[in-house]
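Asker: Before I ask anything, here is the structure I am working with.
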Amino acid sequence: EYIENVSRKLEIHLTNREKITSIYIRKSFEEETKELINAQNFICVHKSFLINMNHVRTLRQSTVIMESGVSIPVSRTSALDVKKKYLLFISAQFK
């Protein structure tokens with residue numbers, strides 16, 4: 001559902017509410033997750049959060065509500081880009 005960077009560890013939150021925690025990461029969050037960032041259904045909404053757009057329930061200006069009900073912050077600097085990418089993603093689903 002989403003990945004969170006917590007104290008230099010990746011917390012991978014699955015759709016069944018399980019959480020997998022990585023070992024200590026030495027690279028930046030962006031470097032560790034760059035393969036997912038390049039995938040069409042993932043987007044970095046904050047310096048510490050990467051979400052799977054397939055599991056978004058609601059997109060607001062400063063938060064994303066995931067299907068699990070978790071509220072994830074959207075940084076002010078990336079808010080417009082997140083909105084644009086999400087709308088393009090949703091429109092591609094209905095072609």
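Residues are named by chain letter and number: chains run A, B, ... in the order of the structure tokens, numbers start at 1 in each chain, and ligands are numbered from 1 in the order shown.
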Excluding Val56 of chain A and its own-chain neighbours fewer than 3 positions away, which residues fall within 10 Å of it when counting only C-alpha atoms? Please give them as a list of chain:residue names.

Answerer: A:Glu1, A:Tyr2, A:Ile51, A:Asn52, A:Met53, A:Leu59, A:Val64, A:Ile65, A:Met66, A:Glu67, A:Ser68, A:Gly69, A:Val70, A:Tyr86

Asker: Between atom CA of Ile12 of chain A and atom CA of Lys27 of chain A, what is the spacing in Å?

Answerer: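 Calculated distance between atom CA of Lys27 of chain A and atom CA of Ile12 of chain A is 16.6 Å.
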
Asker: Rounded to one decimal, what separation in Å do you get between atom CA of Glu11 of chain A and atom CA of Leu50 of chain A?

Answerer: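 A separation of 10.4 Å between them.
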
Asker: To one decimal in Å, tell me the separation between atom CA of Thr15 of chain A and atom CA of Asn38 of chain A.

Answerer: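 That distance, rounded to one decimal, is 20.7 Å.
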
Asker: Between A:Ser75, A:Asn5, A:Gln93, A:Thr21, which is the closest to His46 of chain A once you count only C-alpha atoms?

Answerer: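 Closest to His46 of chain A of all the choices is A:Ser75.
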
Asker: Can you tell me which residues surround Tyr24 of chain A at a distance of at most 8 Å, considering only C-alpha atoms, apart from same-chain residues fewer than 2 positions away, and format the answer as a ChimeraX atom specification?

Answerer: /A:8-10,22,26

Asker: What parts of segment 32-80 of chain A does DSSP call helix (DSSP H, G or I)? I'd like the answer as a PyMOL selection string.

Answerer: chain A and resi 32+34-37+53-55+76-80

Asker: Within chain A, find each residue whose DSSP state, derived from the backbone, is strand (DSSP E), and express the selection as a PyMOL selection string.

Answerer: chain A and resi 2-6+9-13+19-21+42-46+49-52+56-59+63-66+71-73

Asker: Go ahead and save the residues from that selection, with N, CA and C atoms, as a JSON list (two decimals), in the first residue's frame.

Answerer:
[["chain", "number", "residue", "atom", "x", "y", "z"],
["A", 2, "TYR", "N", 1.88, 1.31, 0.90],
["A", 2, "TYR", "CA", 2.80, 2.46, 0.93],
["A", 2, "TYR", "C", 4.09, 2.08, 1.66],
["A", 3, "ILE", "N", 5.11, 2.89, 1.42],
["A", 3, "ILE", "CA", 6.41, 2.70, 2.08],
["A", 3, "ILE", "C", 6.74, 3.99, 2.82],
["A", 4, "GLU", "N", 7.20, 3.83, 4.04],
["A", 4, "GLU", "CA", 7.56, 4.97, 4.87],
["A", 4, "GLU", "C", 9.01, 4.86, 5.31],
["A", 5, "ASN", "N", 9.72, 5.96, 5.29],
["A", 5, "ASN", "CA", 11.10, 6.02, 5.77],
["A", 5, "ASN", "C", 11.06, 6.44, 7.23],
["A", 6, "VAL", "N", 11.45, 5.52, 8.12],
["A", 6, "VAL", "CA", 11.41, 5.80, 9.55],
["A", 6, "VAL", "C", 12.78, 5.49, 10.15],
["A", 9, "LYS", "N", 15.17, 3.39, 8.16],
["A", 9, "LYS", "CA", 14.67, 2.05, 7.83],
["A", 9, "LYS", "C", 13.42, 2.22, 6.99],
["A", 10, "LEU", "N", 13.19, 1.28, 6.07],
["A", 10, "LEU", "CA", 11.98, 1.31, 5.26],
["A", 10, "LEU", "C", 10.91, 0.47, 5.93],
["A", 11, "GLU", "N", 9.75, 1.06, 6.14],
["A", 11, "GLU", "CA", 8.61, 0.32, 6.65],
["A", 11, "GLU", "C", 7.66, 0.14, 5.48],
["A", 12, "ILE", "N", 7.48, -1.10, 5.07],
["A", 12, "ILE", "CA", 6.62, -1.41, 3.93],
["A", 12, "ILE", "C", 5.28, -1.86, 4.50],
["A", 13, "HIS", "N", 4.25, -1.07, 4.24],
["A", 13, "HIS", "CA", 2.92, -1.35, 4.76],
["A", 13, "HIS", "C", 2.12, -2.05, 3.67],
["A", 19, "LYS", "N", 3.23, -5.25, 8.29],
["A", 19, "LYS", "CA", 4.31, -4.28, 8.08],
["A", 19, "LYS", "C", 5.63, -5.04, 8.04],
["A", 20, "ILE", "N", 6.43, -4.74, 7.03],
["A", 20, "ILE", "CA", 7.76, -5.32, 6.90],
["A", 20, "ILE", "C", 8.75, -4.17, 7.10],
["A", 21, "THR", "N", 9.71, -4.36, 7.99],
["A", 21, "THR", "CA", 10.71, -3.34, 8.25],
["A", 21, "THR", "C", 12.06, -3.81, 7.73],
["A", 42, "PHE", "N", 3.40, 4.00, -8.59],
["A", 42, "PHE", "CA", 3.95, 4.52, -7.35],
["A", 42, "PHE", "C", 4.32, 5.99, -7.51],
["A", 43, "ILE", "N", 4.15, 6.74, -6.43],
["A", 43, "ILE", "CA", 4.51, 8.16, -6.45],
["A", 43, "ILE", "C", 4.99, 8.57, -5.06],
["A", 44, "CYS", "N", 6.02, 9.40, -5.06],
["A", 44, "CYS", "CA", 6.57, 9.93, -3.82],
["A", 44, "CYS", "C", 5.78, 11.20, -3.48],
["A", 45, "VAL", "N", 5.03, 11.17, -2.38],
["A", 45, "VAL", "CA", 4.17, 12.30, -2.02],
["A", 45, "VAL", "C", 4.80, 13.19, -0.94],
["A", 46, "HIS", "N", 5.87, 12.70, -0.35],
["A", 46, "HIS", "CA", 6.54, 13.39, 0.74],
["A", 46, "HIS", "C", 7.95, 12.82, 0.82],
["A", 49, "PHE", "N", 7.53, 9.32, 2.26],
["A", 49, "PHE", "CA", 6.43, 8.43, 1.89],
["A", 49, "PHE", "C", 6.36, 8.19, 0.39],
["A", 50, "LEU", "N", 6.20, 6.93, 0.04],
["A", 50, "LEU", "CA", 5.99, 6.49, -1.33],
["A", 50, "LEU", "C", 4.70, 5.67, -1.31],
["A", 51, "ILE", "N", 3.73, 6.05, -2.14],
["A", 51, "ILE", "CA", 2.44, 5.36, -2.11],
["A", 51, "ILE", "C", 2.17, 4.61, -3.40],
["A", 52, "ASN", "N", 1.36, 3.57, -3.29],
["A", 52, "ASN", "CA", 0.87, 2.84, -4.45],
["A", 52, "ASN", "C", -0.49, 3.45, -4.79],
["A", 56, "VAL", "N", -5.24, 4.22, -3.26],
["A", 56, "VAL", "CA", -5.66, 5.54, -2.76],
["A", 56, "VAL", "C", -7.18, 5.60, -2.72],
["A", 57, "ARG", "N", -7.71, 5.99, -1.58],
["A", 57, "ARG", "CA", -9.16, 6.18, -1.45],
["A", 57, "ARG", "C", -9.53, 7.62, -1.79],
["A", 58, "THR", "N", -8.78, 8.59, -1.22],
["A", 58, "THR", "CA", -9.08, 10.00, -1.41],
["A", 58, "THR", "C", -7.78, 10.79, -1.49],
["A", 59, "LEU", "N", -7.74, 11.73, -2.43],
["A", 59, "LEU", "CA", -6.60, 12.64, -2.54],
["A", 59, "LEU", "C", -7.08, 14.03, -2.16],
["A", 63, "THR", "N", -3.11, 15.82, 2.07],
["A", 63, "THR", "CA", -3.07, 14.43, 2.54],
["A", 63, "THR", "C", -3.63, 13.47, 1.49],
["A", 64, "VAL", "N", -3.22, 12.23, 1.63],
["A", 64, "VAL", "CA", -3.78, 11.14, 0.84],
["A", 64, "VAL", "C", -4.36, 10.15, 1.84],
["A", 65, "ILE", "N", -5.59, 9.74, 1.62],
["A", 65, "ILE", "CA", -6.20, 8.72, 2.47],
["A", 65, "ILE", "C", -6.12, 7.41, 1.71],
["A", 66, "MET", "N", -5.46, 6.43, 2.32],
["A", 66, "MET", "CA", -5.30, 5.14, 1.68],
["A", 66, "MET", "C", -6.52, 4.25, 1.97],
["A", 71, "SER", "N", -3.86, 8.11, 6.87],
["A", 71, "SER", "CA", -3.69, 9.43, 6.27],
["A", 71, "SER", "C", -2.20, 9.70, 6.10],
["A", 72, "ILE", "N", -1.79, 9.99, 4.86],
["A", 72, "ILE", "CA", -0.38, 10.22, 4.55],
["A", 72, "ILE", "C", -0.22, 11.67, 4.10],
["A", 73, "PRO", "N", 0.77, 12.38, 4.67],
["A", 73, "PRO", "CA", 0.96, 13.78, 4.30],
["A", 73, "PRO", "C", 1.49, 13.94, 2.88]]
